[in-house]
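Written below as structure tokens is the structure these notes are about.
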Amino acid sequence: MLNINVGGKLFQIACKVLAQYPITRLGKLALYTDPVKKLQLCDDYLVQKNEYFFDRDPSIFHYIFHFYRSGVLWVMGEMCPSNFVEEIEYWGIHLKYSQRCCRILFEEKQDELSEYLKIEKELEAELEPLESGAQFDGKFLGGFRKMVWNLIENPYSSVPAKIIAVMSSFFVLISIVGMTLSTVEEMKNKTAKMWMEQMEMICAIFFTSEYLMRLISSSSFKNFLRAAFNAIDLVAILPFYIQLLFENLDEGDMHYHEELHKVENVSKLGKVLKLIKLMRIFRILKLARHSTGLRAFSFTMRQCYQQVCCLLLFIAMGVFTFSALIHSVEHDVPGTDFTSIPYAWWWAAVSLSTVGYGDTVPDTILGRMVAFVCISFGIILNGMPISILYNKFSDYYAKLKAHEMSQ
């Protein structure tokens, strides 16, 4: 018999049983005759008791001990997969010796743990800034750039940093409100337009200053340009300067072109300016920098892109299927709106989403039956991923808040 002491608990196993598994650690211990090689396999050897000591977890060794006695490796669901794999690798036992049902459940738990750890790592990276205060040590104007970095990137570092973060969100909201009010007919008079332009200029100056402060406090210009939030900041300020440029070009054209040509240029320029002004709507994305909810939503979409893509695929399949069915049933009805399958796509999309505008409706009984099936399919389809997305969103939001509080 071989006396084995694992973490203070004594086990006895017959050497002929261990010899059946010669590639395992205990199998080698039973087969080796050289004492030096035996000592290399264990942590210590007690001469008085003839015990080989192993400084390992005795609770898991019970499953190793059972494996040598029965030839089957038990895998209990409550054990940590990483710890169990580490232990059986130490003893030189492969997971293939376990029963297939246990192995499948264990591998599923391993995958779940790996996915959980991966998400935890990505959540921590979501809150970690691209730079850190230590990166400015020993660099040109390191102290000044670190101070600017704390002001603009670390709202919890000081009261001024918190004020700047609040002001950033405030100016985003002011800018969006101003863009919205500029489309109101009553706000298109000269006085209101002047106030809107001044407010837009103040917002643009603040956003430009904020962008330049981030650029100054960046330790790597390449990483700064790659960052998504910095790209959003650039998109937020570009429309103002492009609009100024086009307006100056417009004034120059007024002096050097004929009247008809001027009208055409002004018309084209007006369309471009409208498009550029519309780009200001992207400023609302700046709120994601200081909003945990928006970050959690963005993170949920990135993590659940497979489910979202499946949902879009099912919607597309439903639109094509039910638009073809409704067209085949309704196309002979006088004055029908379902004159072709592409014309029926809008009805199918609205019905599948259960919005039901009622602008296009079937007239025949068969058409209404198709509509009922389409709406029923839409209810089932929309209900399937919503719970998954919401549960993950609430989970990610809670974890992001917890990470924020810990930081």
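Just so we're on the same page: first chain in the structure tokens is A, next is B, and so on; residues restart at 1 for each chain, and ligands are numbered from 1 in the order they show up.
Taking only C-alpha atoms, the non-local environment of Ala348 in chain A within 10 Å (same-chain residues fewer than 2 positions away omitted) comprises Ile315, Ala316, Gly318, Val319, Phe320, Thr321, Phe322, Ser323, Ala324, Leu325, Ile326, Ile341, Tyr343, Ala344, Trp345, Trp346, Val350, Ser351, Leu352, Ser353, Thr354, Gly356, Thr360, Ala371, Cys374, Ile375 and Gly378 of chain A.
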Got time to write the residues from that selection, N, CA, C and O atoms, as a tab-separated table (two decimals), in the first residue's frame?
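Below you can see result07.tsv, which holds the result:
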```tsv
chain	number	residue	atom	x	y	z
A	315	ILE	N	-37.01	39.29	-38.44
A	315	ILE	CA	-37.93	40.34	-38.90
A	315	ILE	C	-37.90	40.43	-40.42
A	315	ILE	O	-38.96	40.53	-41.07
A	316	ALA	N	-36.70	40.38	-41.00
A	316	ALA	CA	-36.59	40.43	-42.46
A	316	ALA	C	-37.28	39.24	-43.11
A	316	ALA	O	-38.00	39.39	-44.11
A	318	GLY	N	-39.77	37.54	-41.82
A	318	GLY	CA	-41.21	37.74	-41.66
A	318	GLY	C	-41.77	38.76	-42.64
A	318	GLY	O	-42.85	38.57	-43.20
A	319	VAL	N	-41.01	39.86	-42.85
A	319	VAL	CA	-41.46	40.89	-43.79
A	319	VAL	C	-41.60	40.32	-45.19
A	319	VAL	O	-42.62	40.52	-45.88
A	320	PHE	N	-40.60	39.59	-45.65
A	320	PHE	CA	-40.64	39.02	-47.00
A	320	PHE	C	-41.75	37.96	-47.12
A	320	PHE	O	-42.45	37.90	-48.13
A	321	THR	N	-41.90	37.13	-46.08
A	321	THR	CA	-42.89	36.06	-46.14
A	321	THR	C	-44.31	36.61	-46.16
A	321	THR	O	-45.12	36.27	-47.04
A	322	PHE	N	-44.63	37.48	-45.20
A	322	PHE	CA	-46.01	37.96	-45.08
A	322	PHE	C	-46.36	38.98	-46.15
A	322	PHE	O	-47.53	39.10	-46.52
A	323	SER	N	-45.37	39.72	-46.66
A	323	SER	CA	-45.67	40.62	-47.78
A	323	SER	C	-46.01	39.82	-49.03
A	323	SER	O	-46.92	40.20	-49.80
A	324	ALA	N	-45.34	38.70	-49.24
A	324	ALA	CA	-45.66	37.84	-50.39
A	324	ALA	C	-47.05	37.21	-50.23
A	324	ALA	O	-47.83	37.13	-51.19
A	325	LEU	N	-47.37	36.78	-48.99
A	325	LEU	CA	-48.68	36.17	-48.74
A	325	LEU	C	-49.81	37.18	-48.93
A	325	LEU	O	-50.83	36.88	-49.58
A	326	ILE	N	-49.65	38.39	-48.36
A	326	ILE	CA	-50.72	39.37	-48.45
A	326	ILE	C	-50.90	39.85	-49.89
A	326	ILE	O	-52.02	40.15	-50.34
A	341	ILE	N	-45.27	43.16	-54.20
A	341	ILE	CA	-44.67	42.71	-52.94
A	341	ILE	C	-43.86	43.83	-52.28
A	341	ILE	O	-43.98	44.03	-51.06
A	343	TYR	N	-44.49	46.97	-52.31
A	343	TYR	CA	-45.44	47.88	-51.68
A	343	TYR	C	-46.01	47.30	-50.38
A	343	TYR	O	-46.49	48.04	-49.52
A	344	ALA	N	-45.99	45.97	-50.27
A	344	ALA	CA	-46.52	45.30	-49.07
A	344	ALA	C	-45.49	45.21	-47.95
A	344	ALA	O	-45.83	44.81	-46.84
A	345	TRP	N	-44.23	45.55	-48.26
A	345	TRP	CA	-43.20	45.47	-47.22
A	345	TRP	C	-43.50	46.39	-46.04
A	345	TRP	O	-43.31	46.00	-44.89
A	346	TRP	N	-43.96	47.59	-46.31
A	346	TRP	CA	-44.25	48.54	-45.23
A	346	TRP	C	-45.34	48.00	-44.32
A	346	TRP	O	-45.22	48.05	-43.08
A	350	VAL	N	-44.78	47.09	-40.33
A	350	VAL	CA	-45.60	47.74	-39.30
A	350	VAL	C	-46.39	46.71	-38.51
A	350	VAL	O	-46.53	46.81	-37.28
A	351	SER	N	-46.89	45.69	-39.19
A	351	SER	CA	-47.68	44.65	-38.51
A	351	SER	C	-46.79	43.79	-37.61
A	351	SER	O	-47.19	43.43	-36.50
A	352	LEU	N	-45.60	43.44	-38.10
A	352	LEU	CA	-44.70	42.62	-37.29
A	352	LEU	C	-44.25	43.35	-36.03
A	352	LEU	O	-44.06	42.74	-34.99
A	353	SER	N	-44.07	44.65	-36.13
A	353	SER	CA	-43.67	45.43	-34.96
A	353	SER	C	-44.84	45.73	-34.05
A	353	SER	O	-44.66	46.37	-33.01
A	354	THR	N	-46.05	45.30	-34.43
A	354	THR	CA	-47.31	45.50	-33.68
A	354	THR	C	-47.63	46.98	-33.48
A	354	THR	O	-48.34	47.33	-32.56
A	356	GLY	N	-49.02	48.98	-36.09
A	356	GLY	CA	-50.34	49.03	-36.71
A	356	GLY	C	-50.86	50.43	-36.98
A	356	GLY	O	-51.78	50.90	-36.33
A	360	THR	N	-52.55	51.07	-44.34
A	360	THR	CA	-52.74	50.02	-45.34
A	360	THR	C	-53.34	48.82	-44.64
A	360	THR	O	-52.72	48.28	-43.71
A	371	ALA	N	-53.05	38.72	-41.91
A	371	ALA	CA	-52.68	39.81	-41.01
A	371	ALA	C	-52.66	39.34	-39.56
A	371	ALA	O	-51.76	39.71	-38.78
A	374	CYS	N	-49.61	37.28	-39.04
A	374	CYS	CA	-48.44	38.18	-39.06
A	374	CYS	C	-48.29	38.90	-37.72
A	374	CYS	O	-47.19	38.97	-37.15
A	375	ILE	N	-49.39	39.42	-37.19
A	375	ILE	CA	-49.34	40.14	-35.90
A	375	ILE	C	-48.98	39.19	-34.77
A	375	ILE	O	-48.18	39.52	-33.88
A	378	GLY	N	-45.40	38.49	-34.89
A	378	GLY	CA	-44.66	39.66	-34.42
A	378	GLY	C	-44.62	39.75	-32.91
A	378	GLY	O	-43.59	40.11	-32.32
```
Contacts of Lys16 in chain A at 10 Å or less, counting only C-alpha atoms, minus same-chain residues fewer than 5 places along, as a PDB file with C-alpha atoms, in the first residue's frame?
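For reference, result.pdb as written:
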```pdb
ATOM      1  CA  MET A   1       0.000   0.000   0.000  1.00  0.00           C
ATOM      2  CA  LEU A   2       1.083   3.580  -0.697  1.00  0.00           C
ATOM      3  CA  TYR A  21      -2.432   4.595 -14.701  1.00  0.00           C
ATOM      4  CA  GLY A  27       1.089   6.053 -10.962  1.00  0.00           C
ATOM      5  CA  ALA A  30       4.084   3.670  -7.459  1.00  0.00           C
ATOM      6  CA  LEU A  31       6.277   2.535 -10.375  1.00  0.00           C
TER       7      LEU A  31
END
```
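Here CA of Ala228 in chain A and CA of Thr183 in chain A stand 29.4 Å from one another.
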Ranking A:Gln110, A:Thr292, A:Asn223, A:Gln306 by minimum distance to Ser82 in chain A and counting only C-alpha atoms, which one comes first? A:Gln110
Excluding Phe84 in chain A and residues on its chain fewer than 5 positions from it, collect all residues at most 12 Å away from it, counting only C-alpha atoms, and give them as a PyMOL selection string. chain A and resi 56-64+73-79+89-91+93-95+106-107+109-110
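For the choices A:Glu200, A:Glu210, A:Arg226, A:Tyr397, the atom-to-atom distance to Leu244 in chain A is smallest for A:Glu200 when using only C-alpha atoms.
Reported to one decimal place, the separation of CA of Ser219 in chain A from CA of Asn150 in chain A is 13.2 Å.
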Would you pick out the contacts of Asn230 in chain A at 9 Å or less, using only C-alpha atoms, so that residues sharing its chain but fewer than 6 positions from it are not included, and give the list as a count of residues only? 4
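Each of A:Met213, A:Gln99, A:Gly178, A:Met384 was checked against Glu197 in chain A using only C-alpha atoms; the smallest atom-to-atom distance is that of A:Gly178.
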Would you pick out the contacts of range 41-54 of chain A at 7 Å or less, using only C-alpha atoms, so that residues sharing its chain but fewer than 6 positions from it are not included, and give the list as a short mmCIF file (atom, residue, chain, number, x, y, z; two decimals) with N, CA, C and O atoms, in the first residue's frame?
```cif
data_model
loop_
_atom_site.label_atom_id
_atom_site.label_comp_id
_atom_site.auth_asym_id
_atom_site.auth_seq_id
_atom_site.Cartn_x
_atom_site.Cartn_y
_atom_site.Cartn_z
N ASN A 3 1.10 5.08 1.21
CA ASN A 3 0.53 6.04 2.14
C ASN A 3 0.68 7.46 1.59
O ASN A 3 1.81 7.91 1.36
N ILE A 4 -0.45 8.13 1.40
CA ILE A 4 -0.44 9.47 0.80
C ILE A 4 -1.11 10.44 1.76
O ILE A 4 -2.26 10.23 2.17
N ASN A 5 -0.39 11.48 2.12
CA ASN A 5 -0.90 12.52 3.02
C ASN A 5 -1.16 13.77 2.16
O ASN A 5 -0.23 14.40 1.67
N VAL A 6 -2.45 14.11 2.01
CA VAL A 6 -2.84 15.27 1.21
C VAL A 6 -3.42 16.33 2.13
O VAL A 6 -4.53 16.16 2.65
N GLY A 7 -2.68 17.38 2.38
CA GLY A 7 -3.15 18.48 3.21
C GLY A 7 -3.53 18.06 4.61
O GLY A 7 -4.42 18.65 5.22
N ARG A 25 0.52 11.19 -11.76
CA ARG A 25 1.55 11.47 -10.76
C ARG A 25 1.70 10.33 -9.76
O ARG A 25 2.82 9.89 -9.46
N LEU A 29 4.62 7.52 -9.06
CA LEU A 29 5.14 7.33 -7.69
C LEU A 29 5.15 5.86 -7.31
O LEU A 29 6.06 5.39 -6.61
#
```
